[in-house]
>>> print(open('entry34.cif').read())   # mmCIF, C-alpha atoms
data_run
loop_
_atom_site.group_PDB
_atom_site.id
_atom_site.type_symbol
_atom_site.label_atom_id
_atom_site.label_comp_id
_atom_site.auth_asym_id
_atom_site.auth_seq_id
_atom_site.Cartn_x
_atom_site.Cartn_y
_atom_site.Cartn_z
ATOM 1 C CA MET A 1 2.366 -17.575 -24.773
ATOM 2 C CA LEU A 2 0.808 -17.017 -21.374
ATOM 3 C CA PRO A 3 -2.853 -17.981 -20.870
ATOM 4 C CA ASN A 4 -5.330 -15.092 -20.924
ATOM 5 C CA GLN A 5 -5.851 -15.309 -17.160
ATOM 6 C CA HIS A 6 -2.121 -14.905 -16.514
ATOM 7 C CA ILE A 7 -1.952 -11.910 -18.858
ATOM 8 C CA SER A 8 -4.954 -10.370 -17.100
ATOM 9 C CA ASN A 9 -3.302 -10.837 -13.692
ATOM 10 C CA MET A 10 -0.082 -9.203 -14.885
ATOM 11 C CA LYS A 11 -2.017 -6.228 -16.307
ATOM 12 C CA SER A 12 -3.836 -5.829 -12.990
ATOM 13 C CA VAL A 13 -0.546 -5.728 -11.088
ATOM 14 C CA LEU A 14 0.856 -3.089 -13.456
ATOM 15 C CA GLU A 15 -2.327 -1.006 -13.187
ATOM 16 C CA GLN A 16 -2.188 -1.092 -9.373
ATOM 17 C CA ALA A 17 1.479 -0.031 -9.427
ATOM 18 C CA ALA A 18 0.712 2.824 -11.840
ATOM 19 C CA LYS A 19 -2.135 4.060 -9.633
ATOM 20 C CA GLY A 20 0.211 4.048 -6.643
ATOM 21 C CA ARG A 21 2.822 6.139 -8.463
ATOM 22 C CA ARG A 22 0.183 8.650 -9.622
ATOM 23 C CA ASN A 23 -1.155 9.003 -6.078
ATOM 24 C CA GLU A 24 2.343 9.595 -4.697
ATOM 25 C CA LYS A 25 3.044 12.302 -7.285
ATOM 26 C CA ALA A 26 -0.341 13.951 -6.650
ATOM 27 C CA PHE A 27 0.337 13.968 -2.895
ATOM 28 C CA GLU A 28 3.777 15.535 -3.352
ATOM 29 C CA TRP A 29 2.435 18.186 -5.742
ATOM 30 C CA ALA A 30 -0.421 19.147 -3.410
ATOM 31 C CA TRP A 31 1.941 19.485 -0.447
ATOM 32 C CA GLN A 32 4.309 21.707 -2.438
ATOM 33 C CA ASN A 33 1.443 23.753 -3.907
ATOM 34 C CA PRO A 34 -1.300 23.750 -1.244
ATOM 35 C CA ASN A 35 -2.789 27.055 -2.429
ATOM 36 C CA LEU A 36 -3.381 25.572 -5.887
ATOM 37 C CA SER A 37 -4.799 22.259 -4.705
ATOM 38 C CA ARG A 38 -8.584 22.180 -5.051
ATOM 39 C CA ARG A 39 -8.751 19.801 -2.085
ATOM 40 C CA LEU A 40 -6.698 22.019 0.221
ATOM 41 C CA LYS A 41 -7.150 25.660 -0.745
ATOM 42 C CA ASP A 42 -10.431 26.087 1.175
ATOM 43 C CA SER A 43 -9.228 24.363 4.360
ATOM 44 C CA LEU A 44 -5.624 25.525 4.640
ATOM 45 C CA PRO A 45 -4.563 26.566 8.154
ATOM 46 C CA ILE A 46 -3.488 30.176 8.620
ATOM 47 C CA ARG A 47 0.207 30.574 9.226
ATOM 48 C CA LYS A 48 0.862 31.723 12.781
ATOM 49 C CA SER A 49 3.024 34.692 13.616
ATOM 50 C CA ARG A 50 6.655 33.677 14.154
ATOM 51 C CA GLU A 51 5.869 30.202 12.822
ATOM 52 C CA THR A 52 8.709 28.863 10.696
ATOM 53 C CA SER A 53 8.061 27.689 7.156
ATOM 54 C CA PHE A 54 9.091 24.181 8.242
ATOM 55 C CA ASP A 55 6.542 24.003 11.067
ATOM 56 C CA TYR A 56 3.800 25.434 8.868
ATOM 57 C CA ARG A 57 4.514 22.846 6.174
ATOM 58 C CA LEU A 58 4.235 20.147 8.819
ATOM 59 C CA ARG A 59 0.806 21.435 9.809
ATOM 60 C CA VAL A 60 -0.246 21.297 6.161
ATOM 61 C CA LEU A 61 1.157 17.762 5.972
ATOM 62 C CA ALA A 62 -0.792 16.725 9.075
ATOM 63 C CA LEU A 63 -3.980 18.095 7.493
ATOM 64 C CA MET A 64 -3.319 16.174 4.283
ATOM 65 C CA LEU A 65 -2.663 12.897 6.106
ATOM 66 C CA CYS A 66 -6.088 13.169 7.722
ATOM 67 C CA SER A 67 -7.945 14.248 4.569
ATOM 68 C CA GLY A 68 -9.251 12.230 1.647
ATOM 69 C CA PRO A 69 -8.039 10.774 -0.592
ATOM 70 C CA TRP A 70 -4.574 10.892 0.985
ATOM 71 C CA ASN A 71 -5.686 9.380 4.288
ATOM 72 C CA ARG A 72 -6.054 6.062 2.449
ATOM 73 C CA LEU A 73 -2.500 5.925 1.093
ATOM 74 C CA GLY A 74 0.033 3.448 2.450
ATOM 75 C CA LEU A 75 2.482 6.063 3.708
ATOM 76 C CA THR A 76 5.191 5.903 6.363
ATOM 77 C CA ILE A 77 6.040 9.063 8.306
ATOM 78 C CA GLN A 78 9.814 8.883 8.688
ATOM 79 C CA TRP A 79 11.901 11.405 10.604
ATOM 80 C CA ILE A 80 15.349 11.001 9.049
ATOM 81 C CA LYS A 81 16.942 13.374 11.582
ATOM 82 C CA GLN A 82 15.726 13.190 15.174
ATOM 83 C CA SER A 83 16.404 16.910 15.684
ATOM 84 C CA TYR A 84 13.668 17.782 13.163
ATOM 85 C CA ALA A 85 11.022 15.496 14.663
ATOM 86 C CA ARG A 86 7.769 17.074 15.798
ATOM 87 C CA ASN A 87 4.771 15.751 17.684
ATOM 88 C CA LEU A 88 2.106 15.554 14.988
ATOM 89 C CA SER A 89 -0.562 14.751 17.586
ATOM 90 C CA GLU A 90 -0.443 18.423 18.595
ATOM 91 C CA ASN A 91 -2.150 19.125 15.287
ATOM 92 C CA LEU A 92 -3.914 16.171 13.677
ATOM 93 C CA VAL A 93 -3.250 12.522 14.436
ATOM 94 C CA PRO A 94 -2.280 10.510 11.316
ATOM 95 C CA PRO A 95 -4.340 7.390 10.479
ATOM 96 C CA LEU A 96 -3.383 4.234 12.373
ATOM 97 C CA HIS A 97 -2.180 2.478 9.225
ATOM 98 C CA MET A 98 0.566 5.094 8.724
ATOM 99 C CA PRO A 99 3.511 4.091 10.937
ATOM 100 C CA ILE A 100 5.971 6.642 12.323
ATOM 101 C CA ALA A 101 9.648 5.711 11.949
ATOM 102 C CA PHE A 102 12.965 7.321 12.861
ATOM 103 C CA GLY A 103 16.402 7.207 11.274
ATOM 104 C CA PRO A 104 17.785 7.143 7.730
ATOM 105 C CA ILE A 105 15.891 5.330 5.003
ATOM 106 C CA ASP A 106 17.435 1.975 4.161
ATOM 107 C CA SER A 107 17.146 1.596 0.391
ATOM 108 C CA ASN A 108 18.270 -2.022 0.668
ATOM 109 C CA CYS A 109 15.583 -2.953 3.167
ATOM 110 C CA SER A 110 13.992 -6.137 1.883
ATOM 111 C CA GLU A 111 13.466 -9.722 2.842
ATOM 112 C CA ASN A 112 16.312 -12.151 2.333
ATOM 113 C CA PRO A 113 15.985 -13.610 -1.183
ATOM 114 C CA SER A 114 15.929 -17.056 0.354
ATOM 115 C CA THR A 115 12.684 -16.248 2.164
ATOM 116 C CA LYS A 116 10.157 -18.979 1.523
ATOM 117 C CA VAL A 117 7.458 -17.860 -0.890
ATOM 118 C CA ALA A 118 3.885 -18.922 -0.181
ATOM 119 C CA SER A 119 2.980 -22.182 -1.871
ATOM 120 C CA PHE A 120 0.946 -21.730 -5.036
ATOM 121 C CA GLY A 121 -2.558 -23.155 -5.031
ATOM 122 C CA LEU A 122 -6.008 -21.711 -5.675
ATOM 123 C CA CYS A 123 -7.057 -18.123 -5.167
ATOM 124 C CA GLN A 124 -9.700 -18.466 -2.464
ATOM 125 C CA ILE A 125 -11.900 -15.794 -4.057
ATOM 126 C CA CYS A 126 -11.993 -16.729 -7.755
ATOM 127 C CA ASN A 127 -10.843 -20.372 -7.334
ATOM 128 C CA ILE A 128 -8.385 -20.003 -10.220
ATOM 129 C CA PRO A 129 -4.934 -21.488 -9.576
ATOM 130 C CA PHE A 130 -1.806 -19.382 -9.242
ATOM 131 C CA SER A 131 1.166 -19.945 -11.476
ATOM 132 C CA VAL A 132 4.802 -19.150 -10.755
ATOM 133 C CA ASP A 133 5.078 -17.259 -14.041
ATOM 134 C CA SER A 134 1.976 -15.134 -13.466
ATOM 135 C CA SER A 135 1.822 -13.690 -9.961
ATOM 136 C CA VAL A 136 2.689 -14.221 -6.313
ATOM 137 C CA PRO A 137 -0.413 -14.414 -4.102
ATOM 138 C CA LEU A 138 -1.270 -11.932 -1.399
ATOM 139 C CA THR A 139 -1.500 -13.847 1.864
ATOM 140 C CA CYS A 140 -3.228 -13.542 5.230
ATOM 141 C CA PRO A 141 -0.867 -12.085 7.875
ATOM 142 C CA SER A 142 -2.073 -14.783 10.278
ATOM 143 C CA SER A 143 -1.000 -17.481 7.783
ATOM 144 C CA CYS A 144 -4.414 -19.119 7.782
ATOM 145 C CA PRO A 145 -4.485 -22.154 5.412
ATOM 146 C CA LEU A 146 -6.923 -20.629 2.901
ATOM 147 C CA GLY A 147 -5.637 -17.066 3.054
ATOM 148 C CA GLN A 148 -4.155 -16.480 -0.401
ATOM 149 C CA TRP A 149 -5.574 -14.430 -3.244
ATOM 150 C CA HIS A 150 -4.848 -12.714 -6.548
ATOM 151 C CA LEU A 151 -4.056 -9.026 -6.092
ATOM 152 C CA LEU A 152 -7.068 -7.816 -8.082
ATOM 153 C CA CYS A 153 -9.449 -10.329 -6.475
ATOM 154 C CA LEU A 154 -8.559 -9.176 -2.970
ATOM 155 C CA ALA A 155 -8.616 -5.500 -3.983
ATOM 156 C CA ASN A 156 -12.170 -5.889 -5.299
ATOM 157 C CA TYR A 157 -13.219 -7.805 -2.181
ATOM 158 C CA MET A 158 -11.794 -5.178 0.174
ATOM 159 C CA THR A 159 -13.280 -2.191 -1.657
ATOM 160 C CA GLN A 160 -16.700 -3.877 -1.673
ATOM 161 C CA ALA A 161 -16.354 -4.648 2.031
ATOM 162 C CA GLU A 162 -15.720 -0.946 2.698
ATOM 163 C CA THR A 163 -18.787 0.245 0.774
ATOM 164 C CA VAL A 164 -21.395 1.819 3.041
ATOM 165 C CA PRO A 165 -24.515 -0.434 2.819
ATOM 166 C CA ASP A 166 -27.102 2.350 2.555
ATOM 167 C CA ARG A 167 -25.023 4.470 0.142
ATOM 168 C CA LEU A 168 -23.968 2.182 -2.670
ATOM 169 C CA GLU A 169 -22.601 5.065 -4.734
ATOM 170 C CA ILE A 170 -19.649 5.312 -2.344
ATOM 171 C CA SER A 171 -16.787 3.235 -3.679
ATOM 172 C CA TYR A 172 -13.033 3.424 -3.376
ATOM 173 C CA LEU A 173 -10.394 2.831 -6.025
ATOM 174 C CA ILE A 174 -7.767 1.978 -3.416
ATOM 175 C CA PRO A 175 -8.664 -0.540 -0.702
ATOM 176 C CA LEU A 176 -7.578 0.109 2.866
ATOM 177 C CA SER A 177 -8.726 -2.494 5.368
ATOM 178 C CA ALA A 178 -11.039 -5.460 5.789
ATOM 179 C CA SER A 179 -11.274 -8.733 7.675
ATOM 180 C CA CYS A 180 -9.598 -11.750 6.131
ATOM 181 C CA PRO A 181 -12.248 -13.491 3.966
ATOM 182 C CA ALA A 182 -10.782 -16.869 4.927
ATOM 183 C CA CYS A 183 -10.400 -16.826 8.718
ATOM 184 C CA LEU A 184 -12.484 -13.666 9.420
ATOM 185 C CA ASN A 185 -10.142 -12.924 12.341
ATOM 186 C CA ALA A 186 -7.101 -11.197 10.881
ATOM 187 C CA GLU A 187 -7.350 -7.533 9.939
ATOM 188 C CA LEU A 188 -6.030 -6.960 6.430
ATOM 189 C CA LEU A 189 -4.304 -3.613 5.857
ATOM 190 C CA TRP A 190 -3.708 -2.993 2.162
ATOM 191 C CA PRO A 191 -0.407 -1.057 2.565
ATOM 192 C CA SER A 192 1.061 -3.857 4.701
ATOM 193 C CA LEU A 193 -0.188 -6.538 2.310
ATOM 194 C CA ILE A 194 1.387 -4.789 -0.682
ATOM 195 C CA LYS A 195 4.707 -4.304 1.135
ATOM 196 C CA SER A 196 4.842 -7.998 2.010
ATOM 197 C CA TRP A 197 3.716 -8.962 -1.500
ATOM 198 C CA LYS A 198 6.477 -6.886 -3.115
ATOM 199 C CA MET A 199 9.145 -8.556 -0.973
ATOM 200 C CA LYS A 200 7.804 -12.023 -1.764
ATOM 201 C CA THR A 201 7.717 -11.145 -5.458
ATOM 202 C CA ILE A 202 11.382 -10.106 -5.308
ATOM 203 C CA ALA A 203 12.209 -13.347 -3.496
ATOM 204 C CA SER A 204 10.314 -15.350 -6.114
ATOM 205 C CA GLU A 205 12.067 -13.576 -8.999
ATOM 206 C CA HIS A 206 15.460 -14.119 -7.352
ATOM 207 C CA SER A 207 14.675 -17.795 -6.884
ATOM 208 C CA CYS A 208 13.660 -18.161 -10.540
ATOM 209 C CA SER A 209 16.821 -16.355 -11.690
ATOM 210 C CA SER A 210 19.014 -18.599 -9.545
ATOM 211 C CA THR A 211 17.295 -21.689 -10.934
ATOM 212 C CA SER A 212 17.797 -20.483 -14.511
ATOM 213 C CA LEU A 213 21.496 -19.830 -13.918
ATOM 214 C CA SER A 214 21.967 -23.247 -12.334
ATOM 215 C CA THR A 215 20.237 -24.898 -15.284
ATOM 216 C CA ALA A 216 22.372 -22.959 -17.767
ATOM 217 C CA HIS A 217 25.560 -24.153 -16.108
#
>>> encode(input="entry34.cif", output="structure tokens")
Amino acid sequence: MLPNQHISNMKSVLEQAAKGRRNEKAFEWAWQNPNLSRRLKDSLPIRKSRETSFDYRLRVLALMLCSGPWNRLGLTIQWIKQSYARNLSENLVPPLHMPIAFGPIDSNCSENPSTKVASFGLCQICNIPFSVDSSVPLTCPSSCPLGQWHLLCLANYMTQAETVPDRLEISYLIPLSASCPACLNAELLWPSLIKSWKMKTIASEHSCSSTSLSTAH
């Protein structure tokens, strides 16, 4: 049986993943039904004469990407066909943490399974050790020696760091950005951290599976 701390960490990871899926579905629904969305219906742009449905939908999308709560999501704007690409800056500029990409989506895009996973030690926020069977740490993009944390620990740290000092009632469920609590130099972007964490988790699981197969034989 896993220790209580390990079980708690696993539950936190599952809760974060569930929140992400709900946010994605809510975003898609609002874009498809902007007139029914309580966040959009009062600020929807008026469709211009001779404006195609495609271009109007893009203007609605640009509005959504710059409006809360969607402007905090870890989204990538990907133009699969270059011929359909539009200059979104003509309308509203997407947040800096949302990259713009071109070309088909590679469903197999992931780190090589042999990628070295960060060494397990102590979470530098709660000082509780990691365990291979519990969770892979989130790590500082600058690879600073003390930059590794539990997912929930760093999420709580980043949301607290984003709270406006003179308005404590403002709090976010999804973190976005903060300085690394270890080196104070690197800028942590939650979408990028989660993407890297997912790939390291896959690498760790692949490594464990390979070890199990080798032991069995």
>>> residues_around(input="entry34.cif", residues="region 69-77 of chain A", least_positions_apart="2", cutoff="12 Å", atoms="all atoms listed in the file", output="PyMOL selection string")
chain A and resi 19-28+30-31+39-40+58+61-67+79-80+85-88+92-105+159+162+171-177+189-195
>>> residues_around(input="entry34.cif", residues="Gln124 (chain A)", least_positions_apart="2", cutoff="10 Å", atoms="all atoms listed in the file", output="list in words")
Gly121, Leu122, Cys126, Asn127, Ile128, Pro129, Leu146, Gly147, Gln148, Trp149, His150, Cys153, Leu154, Pro181 and Ala182 of chain A
>>> atom_distance(input="entry34.cif", atom1="CA of Tyr56 (chain A)", atom2="CA of Ser83 (chain A)")
16.7 Å
>>> atom_distance(input="entry34.cif", atom1="CA of Leu151 (chain A)", atom2="CA of Lys200 (chain A)")
13.0 Å
>>> closest_residue(input="entry34.cif", among="A:Leu36, A:Cys183, A:Leu44, A:Val60", to="Cys140 (chain A)", atoms="only C-alpha atoms")
A:Cys183
>>> atom_distance(input="entry34.cif", atom1="CA of Leu188 (chain A)", atom2="CA of Ala155 (chain A)")
10.8 Å
>>> closest_residue(input="entry34.cif", among="A:Ser179, A:Pro137, A:Ala186, A:Lys48", to="Leu152 (chain A)", atoms="only C-alpha atoms")
A:Pro137
>>> closest_residue(input="entry34.cif", among="A:Pro141, A:Lys198, A:Pro45, A:Glu187", to="Met158 (chain A)", atoms="all atoms listed in the file")
A:Glu187
>>> closest_residue(input="entry34.cif", among="A:Glu51, A:Ser143, A:Gln82, A:Cys180", to="Ala161 (chain A)", atoms="only C-alpha atoms")
A:Cys180
>>> decode(input="entry34.cif", residues="region 119-158 of chain A", atoms="N, CA and C atoms", output="short mmCIF file (atom, residue, chain, number, x, y, z; two decimals), in the first residue's frame")
data_model
loop_
_atom_site.label_atom_id
_atom_site.label_comp_id
_atom_site.auth_asym_id
_atom_site.auth_seq_id
_atom_site.Cartn_x
_atom_site.Cartn_y
_atom_site.Cartn_z
N SER A 119 16.49 13.62 -11.22
CA SER A 119 16.78 12.78 -10.07
C SER A 119 15.79 13.11 -8.95
N PHE A 120 15.36 12.07 -8.24
CA PHE A 120 14.38 12.27 -7.17
C PHE A 120 15.10 12.66 -5.89
N GLY A 121 14.58 13.69 -5.24
CA GLY A 121 15.15 14.14 -3.97
C GLY A 121 14.02 14.70 -3.13
N LEU A 122 14.23 15.90 -2.60
CA LEU A 122 13.21 16.56 -1.79
C LEU A 122 12.48 17.62 -2.61
N CYS A 123 11.18 17.73 -2.39
CA CYS A 123 10.44 18.86 -2.93
C CYS A 123 10.93 20.09 -2.16
N GLN A 124 11.35 21.12 -2.88
CA GLN A 124 11.95 22.28 -2.23
C GLN A 124 10.92 23.25 -1.66
N ILE A 125 9.64 22.87 -1.68
CA ILE A 125 8.61 23.68 -1.03
C ILE A 125 8.12 23.02 0.24
N CYS A 126 7.80 21.71 0.17
CA CYS A 126 7.27 21.02 1.35
C CYS A 126 8.34 20.18 2.06
N ASN A 127 9.51 20.02 1.40
CA ASN A 127 10.62 19.23 1.96
C ASN A 127 10.28 17.75 2.18
N ILE A 128 9.30 17.26 1.45
CA ILE A 128 8.97 15.83 1.48
C ILE A 128 9.61 15.17 0.27
N PRO A 129 10.25 14.03 0.45
CA PRO A 129 10.94 13.39 -0.68
C PRO A 129 10.00 12.87 -1.75
N PHE A 130 10.50 12.85 -2.98
CA PHE A 130 9.77 12.23 -4.09
C PHE A 130 10.00 10.73 -4.04
N SER A 131 9.15 10.02 -4.73
CA SER A 131 9.31 8.58 -4.85
C SER A 131 8.98 8.19 -6.27
N VAL A 132 9.70 7.27 -6.84
CA VAL A 132 9.49 6.87 -8.23
C VAL A 132 8.06 6.38 -8.45
N ASP A 133 7.47 5.76 -7.43
CA ASP A 133 6.12 5.22 -7.61
C ASP A 133 5.02 6.22 -7.27
N SER A 134 5.39 7.47 -6.96
CA SER A 134 4.35 8.44 -6.62
C SER A 134 4.20 9.52 -7.68
N SER A 135 5.26 10.26 -7.98
CA SER A 135 5.13 11.32 -8.96
C SER A 135 6.50 11.78 -9.43
N VAL A 136 6.53 12.30 -10.65
CA VAL A 136 7.73 12.91 -11.22
C VAL A 136 7.70 14.39 -10.85
N PRO A 137 8.80 14.96 -10.40
CA PRO A 137 8.78 16.37 -10.00
C PRO A 137 8.69 17.32 -11.18
N LEU A 138 8.08 18.47 -10.96
CA LEU A 138 8.18 19.57 -11.89
C LEU A 138 9.53 20.23 -11.64
N THR A 139 10.20 20.65 -12.69
CA THR A 139 11.56 21.16 -12.52
C THR A 139 11.73 22.54 -13.14
N CYS A 140 12.69 23.28 -12.62
CA CYS A 140 13.02 24.62 -13.13
C CYS A 140 13.57 24.50 -14.55
N PRO A 141 13.09 25.31 -15.49
CA PRO A 141 13.59 25.25 -16.86
C PRO A 141 15.06 25.62 -16.98
N SER A 142 15.59 26.32 -15.97
CA SER A 142 17.01 26.67 -15.98
C SER A 142 17.87 25.60 -15.31
N SER A 143 17.22 24.50 -14.89
CA SER A 143 17.93 23.38 -14.26
C SER A 143 18.73 23.80 -13.03
N CYS A 144 18.19 24.72 -12.25
CA CYS A 144 18.88 25.11 -11.02
C CYS A 144 18.84 23.93 -10.04
N PRO A 145 19.87 23.75 -9.21
CA PRO A 145 20.01 22.55 -8.37
C PRO A 145 18.82 22.27 -7.46
N LEU A 146 18.16 23.31 -6.96
CA LEU A 146 17.06 23.11 -6.01
C LEU A 146 15.69 23.27 -6.66
N GLY A 147 15.65 23.35 -7.95
CA GLY A 147 14.39 23.60 -8.65
C GLY A 147 13.60 22.36 -8.98
N GLN A 148 13.04 21.68 -7.98
CA GLN A 148 12.13 20.57 -8.23
C GLN A 148 11.05 20.52 -7.15
N TRP A 149 9.81 20.29 -7.60
CA TRP A 149 8.68 20.41 -6.68
C TRP A 149 7.58 19.41 -7.03
N HIS A 150 6.73 19.12 -6.03
CA HIS A 150 5.50 18.38 -6.30
C HIS A 150 4.58 19.28 -7.12
N LEU A 151 3.74 18.68 -7.94
CA LEU A 151 2.83 19.44 -8.79
C LEU A 151 1.94 20.36 -7.97
N LEU A 152 1.30 19.82 -6.94
CA LEU A 152 0.37 20.62 -6.13
C LEU A 152 1.10 21.70 -5.34
N CYS A 153 2.29 21.39 -4.84
CA CYS A 153 3.06 22.38 -4.08
C CYS A 153 3.38 23.60 -4.94
N LEU A 154 3.85 23.34 -6.17
CA LEU A 154 4.20 24.45 -7.04
C LEU A 154 2.95 25.20 -7.51
N ALA A 155 1.86 24.48 -7.75
CA ALA A 155 0.62 25.13 -8.16
C ALA A 155 0.15 26.10 -7.08
N ASN A 156 0.19 25.67 -5.83
CA ASN A 156 -0.22 26.55 -4.72
C ASN A 156 0.72 27.75 -4.61
N TYR A 157 2.02 27.50 -4.76
CA TYR A 157 2.99 28.60 -4.68
C TYR A 157 2.73 29.64 -5.77
N MET A 158 2.50 29.17 -7.00
CA MET A 158 2.34 30.08 -8.12
C MET A 158 1.04 30.87 -8.04
#
